[in-house]
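Pasting run31.cif here (mmCIF, C-alpha atoms):
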data_model
loop_
_atom_site.group_PDB
_atom_site.id
_atom_site.type_symbol
_atom_site.label_atom_id
_atom_site.label_comp_id
_atom_site.auth_asym_id
_atom_site.auth_seq_id
_atom_site.Cartn_x
_atom_site.Cartn_y
_atom_site.Cartn_z
ATOM 1 C CA MET A 858 18.932 -65.551 -4.306
ATOM 2 C CA THR A 859 21.667 -66.530 -1.864
ATOM 3 C CA TRP A 860 21.241 -66.980 1.869
ATOM 4 C CA LEU A 861 22.987 -63.671 2.556
ATOM 5 C CA HIS A 862 20.690 -61.821 0.155
ATOM 6 C CA CYS A 863 17.719 -63.371 1.910
ATOM 7 C CA ALA A 864 19.120 -62.336 5.307
ATOM 8 C CA ARG A 865 19.657 -58.800 4.002
ATOM 9 C CA ARG A 866 16.012 -58.629 2.916
ATOM 10 C CA ILE A 867 14.886 -59.795 6.348
ATOM 11 C CA TYR A 868 17.159 -57.238 8.002
ATOM 12 C CA GLN A 869 15.662 -54.498 5.809
ATOM 13 C CA LEU A 870 12.242 -55.617 6.989
ATOM 14 C CA LEU A 871 13.430 -55.424 10.592
ATOM 15 C CA LEU A 872 14.748 -51.918 9.968
ATOM 16 C CA ALA A 873 11.347 -50.973 8.595
ATOM 17 C CA LEU A 874 9.827 -52.097 11.899
ATOM 18 C CA HIS A 875 11.876 -49.548 13.877
ATOM 19 C CA PRO A 876 10.212 -46.269 14.931
ATOM 20 C CA ALA A 877 10.218 -43.721 12.090
ATOM 21 C CA ALA A 878 12.565 -41.201 13.730
ATOM 22 C CA PHE A 879 15.196 -43.855 14.466
ATOM 23 C CA ARG A 880 14.804 -45.406 11.010
ATOM 24 C CA GLU A 881 15.230 -42.129 9.168
ATOM 25 C CA ARG A 882 18.397 -41.332 11.038
ATOM 26 C CA PHE A 883 20.163 -44.692 11.308
ATOM 27 C CA ALA A 884 18.643 -47.287 8.924
ATOM 28 C CA GLN A 885 21.018 -46.651 6.004
ATOM 29 C CA GLU A 886 24.061 -46.841 8.240
ATOM 30 C CA MET A 887 22.766 -49.940 10.001
ATOM 31 C CA LEU A 888 22.259 -51.713 6.696
ATOM 32 C CA TRP A 889 25.783 -50.780 5.613
ATOM 33 C CA VAL A 890 27.219 -52.057 8.910
ATOM 34 C CA PHE A 891 25.117 -55.223 8.550
ATOM 35 C CA ASP A 892 26.619 -55.812 5.077
ATOM 36 C CA GLN A 893 30.133 -55.354 6.456
ATOM 37 C CA THR A 894 29.757 -57.531 9.543
ATOM 38 C CA VAL A 895 27.248 -60.287 8.750
ATOM 39 C CA ALA A 896 29.921 -62.648 7.456
ATOM 40 C CA ASP A 897 31.814 -62.406 10.766
ATOM 41 C CA THR A 898 28.950 -62.267 13.231
ATOM 42 C CA GLY A 899 26.676 -64.798 11.540
ATOM 43 C CA VAL A 900 23.233 -64.329 10.041
ATOM 44 C CA CYS A 901 21.223 -65.565 13.037
ATOM 45 C CA ARG A 902 23.059 -63.358 15.512
ATOM 46 C CA ALA A 903 22.801 -60.303 13.261
ATOM 47 C CA LEU A 904 19.063 -60.821 12.764
ATOM 48 C CA ALA A 905 18.507 -61.428 16.484
ATOM 49 C CA ASP A 906 20.349 -58.179 17.154
ATOM 50 C CA GLY A 907 18.004 -56.412 14.727
ATOM 51 C CA ILE A 908 14.913 -57.834 16.450
ATOM 52 C CA LEU A 909 16.270 -56.802 19.851
ATOM 53 C CA SER A 910 17.029 -53.325 18.570
ATOM 54 C CA ALA A 911 13.504 -52.842 17.172
ATOM 55 C CA THR A 912 11.990 -54.066 20.449
ATOM 56 C CA LYS A 913 14.209 -51.770 22.510
ATOM 57 C CA GLN A 914 13.436 -48.772 20.340
ATOM 58 C CA TRP A 915 9.686 -49.272 20.627
ATOM 59 C CA ALA A 916 9.985 -49.874 24.368
ATOM 60 C CA ALA A 917 12.044 -46.713 24.794
ATOM 61 C CA ASN A 918 9.896 -44.709 22.418
ATOM 62 C CA ASP A 919 8.595 -41.538 24.011
ATOM 63 C CA MET A 920 4.877 -42.204 24.623
ATOM 64 C CA THR A 921 3.805 -38.587 25.027
ATOM 65 C CA PRO A 922 0.130 -37.803 24.240
ATOM 66 C CA SER A 923 1.115 -36.423 20.823
ATOM 67 C CA VAL A 924 2.793 -39.727 19.872
ATOM 68 C CA ALA A 925 0.011 -41.817 21.357
ATOM 69 C CA ASP A 926 -2.594 -39.757 19.459
ATOM 70 C CA GLY A 927 -1.212 -41.038 16.198
ATOM 71 C CA MET A 928 -1.247 -44.635 17.390
ATOM 72 C CA PHE A 929 -4.403 -45.083 19.437
ATOM 73 C CA GLY A 930 -6.518 -41.997 18.788
ATOM 74 C CA ARG A 931 -7.131 -39.113 21.159
ATOM 75 C CA LEU A 932 -6.401 -39.737 24.817
ATOM 76 C CA PRO A 933 -8.108 -37.764 27.586
ATOM 77 C CA THR A 934 -5.670 -35.180 28.877
ATOM 78 C CA GLN A 935 -7.932 -33.320 31.332
ATOM 79 C CA SER A 936 -8.073 -34.386 34.964
ATOM 80 C CA VAL A 937 -10.808 -36.799 36.142
ATOM 81 C CA SER A 938 -13.802 -35.095 37.810
ATOM 82 C CA PRO A 939 -15.202 -36.393 41.169
ATOM 83 C CA GLN A 940 -18.565 -37.228 39.482
ATOM 84 C CA PHE A 941 -16.846 -39.307 36.841
ATOM 85 C CA LEU A 942 -14.808 -41.057 39.541
ATOM 86 C CA ALA A 943 -17.971 -41.836 41.607
ATOM 87 C CA GLN A 944 -19.746 -43.241 38.540
ATOM 88 C CA ALA A 945 -16.720 -45.373 37.751
ATOM 89 C CA VAL A 946 -16.598 -46.749 41.322
ATOM 90 C CA VAL A 947 -20.356 -47.613 41.304
ATOM 91 C CA LEU A 948 -20.082 -49.245 37.896
ATOM 92 C CA ALA A 949 -17.023 -51.253 38.988
ATOM 93 C CA ALA A 950 -18.865 -52.398 42.155
ATOM 94 C CA LEU A 951 -21.914 -53.488 40.108
ATOM 95 C CA VAL A 952 -19.760 -55.413 37.673
ATOM 96 C CA ALA A 953 -17.928 -57.088 40.586
ATOM 97 C CA LEU A 954 -21.248 -58.032 42.264
ATOM 98 C CA GLY A 955 -22.657 -59.437 39.020
ATOM 99 C CA PHE A 956 -19.506 -61.433 38.507
ATOM 100 C CA PHE A 957 -19.683 -62.798 42.081
ATOM 101 C CA LYS A 958 -23.373 -63.735 41.644
ATOM 102 C CA LEU A 959 -22.591 -65.504 38.392
ATOM 103 C CA LEU A 960 -19.783 -67.421 40.062
ATOM 104 C CA THR A 961 -21.905 -68.556 43.021
ATOM 105 C CA GLN A 962 -24.729 -69.686 40.708
ATOM 106 C CA SER A 963 -22.563 -71.644 38.356
ATOM 107 C CA VAL A 964 -20.520 -73.331 41.097
ATOM 108 C CA PRO A 965 -22.767 -75.292 43.547
ATOM 109 C CA LEU A 966 -22.072 -74.660 47.227
ATOM 110 C CA PRO A 967 -21.219 -77.750 49.321
ATOM 111 C CA GLN A 968 -24.335 -79.373 50.901
ATOM 112 C CA THR A 969 -24.455 -80.344 54.576
ATOM 113 C CA PRO A 970 -24.081 -84.150 54.731
ATOM 114 C CA LYS A 971 -27.346 -85.976 55.541
ATOM 115 C CA HIS A 972 -25.775 -88.471 57.914
ATOM 116 C CA PHE A 973 -24.868 -85.536 60.149
ATOM 117 C CA GLU A 974 -28.593 -84.752 60.580
ATOM 118 C CA VAL A 975 -29.311 -88.449 61.253
ATOM 119 C CA ARG A 976 -26.612 -88.629 63.901
ATOM 120 C CA ARG A 977 -27.975 -85.502 65.578
ATOM 121 C CA ALA A 978 -31.447 -87.122 65.592
ATOM 122 C CA SER A 979 -30.059 -90.313 67.086
ATOM 123 C CA TRP A 980 -28.280 -88.336 69.799
ATOM 124 C CA GLY A 981 -31.644 -86.722 70.621
ATOM 125 C CA LEU A 982 -33.267 -90.138 70.837
ATOM 126 C CA CYS A 983 -30.497 -91.386 73.082
ATOM 127 C CA ASP A 984 -31.058 -88.504 75.488
ATOM 128 C CA ALA A 985 -34.814 -89.156 75.432
ATOM 129 C CA ARG A 986 -34.291 -92.893 76.131
ATOM 130 C CA LYS A 987 -32.013 -92.039 79.094
ATOM 131 C CA ARG A 988 -34.645 -89.722 80.529
ATOM 132 C CA HIS A 989 -37.720 -91.870 79.710
ATOM 133 C CA PRO A 990 -36.517 -95.447 79.111
ATOM 134 C CA GLN A 991 -40.030 -96.906 79.313
ATOM 135 C CA ARG A 992 -41.468 -94.622 76.639
ATOM 136 C CA VAL A 993 -38.629 -94.701 74.039
ATOM 137 C CA ALA A 994 -38.341 -98.156 72.526
ATOM 138 C CA ILE A 995 -35.642 -97.432 69.895
ATOM 139 C CA PRO A 996 -32.333 -98.968 70.958
ATOM 140 C CA CYS A 997 -29.527 -96.489 71.475
ATOM 141 C CA GLU A 998 -25.903 -97.320 70.465
ATOM 142 C CA MET B 454 35.319 -32.759 44.338
ATOM 143 C CA ALA B 455 36.304 -35.000 41.443
ATOM 144 C CA HIS B 456 36.321 -37.942 43.826
ATOM 145 C CA ALA B 457 32.811 -37.055 45.053
ATOM 146 C CA GLU B 458 31.591 -36.948 41.439
ATOM 147 C CA ASN B 459 33.085 -40.343 40.765
ATOM 148 C CA GLU B 460 31.203 -41.778 43.714
ATOM 149 C CA THR B 461 27.842 -40.934 42.148
ATOM 150 C CA VAL B 462 28.550 -42.307 38.656
ATOM 151 C CA THR B 463 26.278 -45.147 37.631
ATOM 152 C CA PRO B 464 28.245 -48.051 36.127
ATOM 153 C CA LEU B 465 28.117 -47.911 32.331
ATOM 154 C CA PRO B 466 26.745 -50.928 30.462
ATOM 155 C CA ALA B 467 29.419 -52.934 28.635
ATOM 156 C CA ALA B 468 28.301 -51.844 25.151
ATOM 157 C CA THR B 469 28.264 -48.152 26.119
ATOM 158 C CA LEU B 470 31.654 -48.426 27.782
ATOM 159 C CA TYR B 471 33.202 -50.099 24.741
ATOM 160 C CA VAL B 472 31.692 -47.579 22.302
ATOM 161 C CA LEU B 473 33.084 -44.676 24.351
ATOM 162 C CA LEU B 474 36.456 -46.401 24.607
ATOM 163 C CA ALA B 475 36.497 -46.979 20.841
ATOM 164 C CA LEU B 476 35.890 -43.277 20.261
ATOM 165 C CA ALA B 477 38.386 -42.136 22.900
ATOM 166 C CA SER B 478 41.395 -42.500 20.594
ATOM 167 C CA GLU B 479 39.900 -41.127 17.358
ATOM 168 C CA ASP B 480 36.672 -40.311 15.502
ATOM 169 C CA ARG B 481 35.133 -43.334 13.775
ATOM 170 C CA HIS B 482 32.138 -44.348 11.690
ATOM 171 C CA GLY B 483 29.794 -47.155 12.772
ATOM 172 C CA TYR B 484 31.736 -50.000 11.218
ATOM 173 C CA GLY B 485 34.987 -48.522 12.560
ATOM 174 C CA ILE B 486 33.531 -48.564 16.073
ATOM 175 C CA ILE B 487 32.570 -52.237 15.725
ATOM 176 C CA GLN B 488 36.074 -53.113 14.510
ATOM 177 C CA GLU B 489 37.702 -51.170 17.347
ATOM 178 C CA VAL B 490 35.445 -52.765 19.984
ATOM 179 C CA SER B 491 36.393 -56.190 18.649
ATOM 180 C CA ARG B 492 40.079 -55.235 18.788
ATOM 181 C CA LEU B 493 39.883 -53.747 22.306
ATOM 182 C CA SER B 494 38.156 -56.828 23.676
ATOM 183 C CA SER B 495 40.423 -59.250 21.789
ATOM 184 C CA ALA B 496 37.318 -60.390 19.881
ATOM 185 C CA THR B 497 35.637 -61.586 23.088
ATOM 186 C CA TYR B 498 32.931 -58.909 22.872
ATOM 187 C CA ARG B 499 31.127 -58.190 19.605
ATOM 188 C CA VAL B 500 28.661 -55.379 19.135
ATOM 189 C CA GLY B 501 25.916 -55.936 16.576
ATOM 190 C CA SER B 502 24.626 -53.222 14.288
ATOM 191 C CA GLY B 503 21.397 -52.818 16.256
ATOM 192 C CA THR B 504 23.128 -52.654 19.638
ATOM 193 C CA LEU B 505 25.643 -50.142 18.286
ATOM 194 C CA TYR B 506 23.037 -47.718 16.976
ATOM 195 C CA ASP B 507 20.819 -48.112 20.059
ATOM 196 C CA ASN B 508 23.827 -46.956 22.065
ATOM 197 C CA LEU B 509 24.834 -44.225 19.640
ATOM 198 C CA LYS B 510 21.311 -42.811 19.715
ATOM 199 C CA LYS B 511 21.432 -42.740 23.521
ATOM 200 C CA LEU B 512 24.921 -41.224 23.587
ATOM 201 C CA LEU B 513 23.957 -38.544 21.050
ATOM 202 C CA HIS B 514 20.912 -37.697 23.149
ATOM 203 C CA LEU B 515 23.058 -37.429 26.297
ATOM 204 C CA GLU B 516 25.588 -35.357 24.313
ATOM 205 C CA TRP B 517 28.418 -37.684 25.282
ATOM 206 C CA VAL B 518 28.993 -38.214 21.551
ATOM 207 C CA GLU B 519 28.445 -35.957 18.550
ATOM 208 C CA ASP B 520 28.283 -36.762 14.846
ATOM 209 C CA TYR B 521 29.306 -35.102 11.598
ATOM 210 C CA GLU B 522 29.498 -36.106 7.960
ATOM 211 C CA GLU B 523 32.745 -36.771 6.160
ATOM 212 C CA GLN B 524 33.530 -37.781 2.602
ATOM 213 C CA GLU B 525 35.722 -40.865 2.285
ATOM 214 C CA SER B 526 38.872 -40.200 0.292
ATOM 215 C CA GLY B 527 38.833 -43.534 -1.578
ATOM 216 C CA SER B 528 35.216 -44.190 -2.527
ATOM 217 C CA GLY B 529 34.017 -40.589 -2.264
ATOM 218 C CA GLU B 530 31.009 -41.780 -0.261
ATOM 219 C CA THR B 531 29.737 -39.671 2.593
ATOM 220 C CA ARG B 532 29.946 -41.346 5.994
ATOM 221 C CA ARG B 533 28.647 -40.171 9.308
ATOM 222 C CA MET B 534 31.459 -39.994 11.817
ATOM 223 C CA TYR B 535 31.157 -40.064 15.598
ATOM 224 C CA ARG B 536 33.276 -38.143 18.066
ATOM 225 C CA ILE B 537 33.385 -38.289 21.866
ATOM 226 C CA THR B 538 32.601 -34.965 23.579
ATOM 227 C CA ASP B 539 34.325 -33.553 26.646
ATOM 228 C CA GLU B 540 31.352 -34.644 28.760
ATOM 229 C CA GLY B 541 31.577 -38.173 27.321
ATOM 230 C CA ARG B 542 35.305 -38.267 28.070
ATOM 231 C CA ARG B 543 34.662 -37.111 31.642
ATOM 232 C CA ILE B 544 32.025 -39.817 32.162
ATOM 233 C CA LEU B 545 34.320 -42.449 30.693
ATOM 234 C CA ALA B 546 37.191 -41.349 32.954
ATOM 235 C CA ALA B 547 34.874 -41.446 35.987
ATOM 236 C CA ASP B 548 33.741 -44.981 35.166
ATOM 237 C CA VAL B 549 37.302 -46.157 34.634
ATOM 238 C CA SER B 550 38.234 -44.636 38.026
ATOM 239 C CA ARG B 551 35.296 -46.477 39.602
ATOM 240 C CA MET B 552 36.518 -49.757 38.118
ATOM 241 C CA LYS B 553 40.083 -49.062 39.250
ATOM 242 C CA ARG B 554 38.837 -48.634 42.823
ATOM 243 C CA ILE B 555 36.986 -51.941 42.604
ATOM 244 C CA VAL B 556 40.082 -53.686 41.253
ATOM 245 C CA ARG B 557 42.202 -52.152 44.024
ATOM 246 C CA VAL B 558 39.791 -53.385 46.708
ATOM 247 C CA ALA B 559 39.513 -56.788 45.043
ATOM 248 C CA ASN B 560 43.297 -57.140 44.880
ATOM 249 C CA ARG B 561 43.592 -56.217 48.549
ATOM 250 C CA MET B 562 40.880 -58.702 49.535
ATOM 251 C CA LEU B 563 42.458 -61.462 47.486
ATOM 252 C CA ALA B 564 45.882 -60.680 48.962
ATOM 253 C CA ASP B 565 44.359 -60.908 52.489
ATOM 254 C CA GLU B 566 42.784 -64.233 51.612
ATOM 255 C CA GLY B 567 46.177 -65.457 50.369
ATOM 256 C CA GLY B 568 47.842 -64.302 53.615
ATOM 257 C CA LYS B 569 45.271 -66.136 55.776
ATOM 258 C CA ALA B 570 45.729 -69.340 53.792
#
Translate this structure into structure tokens?
Amino acid sequence: MTWLHCARRIYQLLLALHPAAFRERFAQEMLWVFDQTVADTGVCRALADGILSATKQWAANDMTPSVADGMFGRLPTQSVSPQFLAQAVVLAALVALGFFKLLTQSVPLPQTPKHFEVRRASWGLCDARKRHPQRVAIPCE
Amino acid sequence: MAHAENETVTPLPAATLYVLLALASEDRHGYGIIQEVSRLSSATYRVGSGTLYDNLKKLLHLEWVEDYEEQESGSGETRRMYRITDEGRRILAADVSRMKRIVRVANRMLADEGGKA
């Protein structure tokens, strides 16, 4: 099998990846045009063009409920009731709270440094020594 | 009125513009369009098969282009041919007018720049 035959096979695979409606209408023609032009344009460029085309076609594909039904199963089409909305809000709040609690438990909060407490105590002693120098024997810096 | 319509035309993408231009002179099949685009752009712009049919699908949907089947005289094979519609021709003319206006302004600006220098 030559390189061009291999490229043709890959291009056929790319055509098969296009949405059905597009494929049924244009795939035969596209393959014919590919055969005619691949020698001029180059295999890599032609294949890249095919990938881009498939991507564009899926991106532009009409995602109406009827199309989406076939892909993902039935989608809700009726409007959302206020009760359903309230339940959803409460559930979302609970999940957010649980997540926050989990975060605060797993990540330790910063502790107040001990030397700060010591310094505060020493300041207290200094004040006491100034007021009652005969009673407080601890030297003050 | 025609001028007002031209003002509101959205610039056409290069591929769409070239496909419409290729069909402006005569009806063509897909490969014929690619050859004509290459000729019109002096081989500086090449449309791939995927890009061509993406555009043709869009143009058919917009009814700027229509298609029909024709049997080739030599091989006897049936080919789908594409033809520009009146609406497609009007849109193409509007876009060309838009570009002409831009070129006119650009030429004037460049001439002013030349005069200042």
> Between B:Ile555, B:Ala477, B:Ile486, B:Leu505, which one has atoms that come closest to Asp539 of chain B, using all atoms listed in the file?
Replying inline: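 The shortest atom-to-atom distance to Asp539 of chain B comes from B:Ala477.
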>> Based on all atoms listed in the file, which of the residues in chain B come within 6 Å of chain A? I want them as a list of chain:residue names.
In response: B:Tyr484, B:Ser502, B:Gly503
> Between atom CA of Leu476 of chain B and atom CA of Ile544 of chain B, what is the spacing in Å?
Replying inline: 13.0 Å
>> Show me the residues close to (28.7, -57.1, 21.5) - anything with an atom within 9 Å, counting all atoms listed in the file - and format the list as a ChimeraX atom specification.
In response: /B:467-468,471,487,490-491,497-501,504-505
>> Give me, as a list of chain:residue names, all polymer residues having an atom no more than 12 Å from His862 of chain A, counting only C-alpha atoms and skipping those fewer than 4 positions away in the same chain.
In response: A:Met858, A:Arg866, A:Ile867, A:Tyr868, A:Gln869, A:Phe891, A:Asp892, A:Val895, A:Ala896, A:Val900
>> For a test of reading the model, state the distance in Å between atom CA of Ser526 of chain B and atom CA of His514 of chain B, rounded to one decimal.
In response: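 The value is 29.2 Å.
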> For the file shown, what are the residues hit by the PyMOL selection byres ((chain B and resi 512) around 12), laid out as a PyMOL selection string?
Replying inline: chain B and resi 465+468-470+472-473+476+505-511+513-520+535-538+540-542+544-545
>> Just to confirm, what's the straight-line distance from atom CA of Gly485 of chain B to atom CA of Met534 of chain B in Å (one decimal)?
In response: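 Between atom CA of Gly485 of chain B and atom CA of Met534 of chain B the gap is 9.3 Å.
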> With all atoms listed in the file as the atoms that count, which of A:Gln991, A:Pro876, A:Cys901, A:Leu870 lies nearest to Ala917 of chain A?
Replying inline: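 Looking at the shortest contact to Ala917 of chain A, the residue is A:Pro876.
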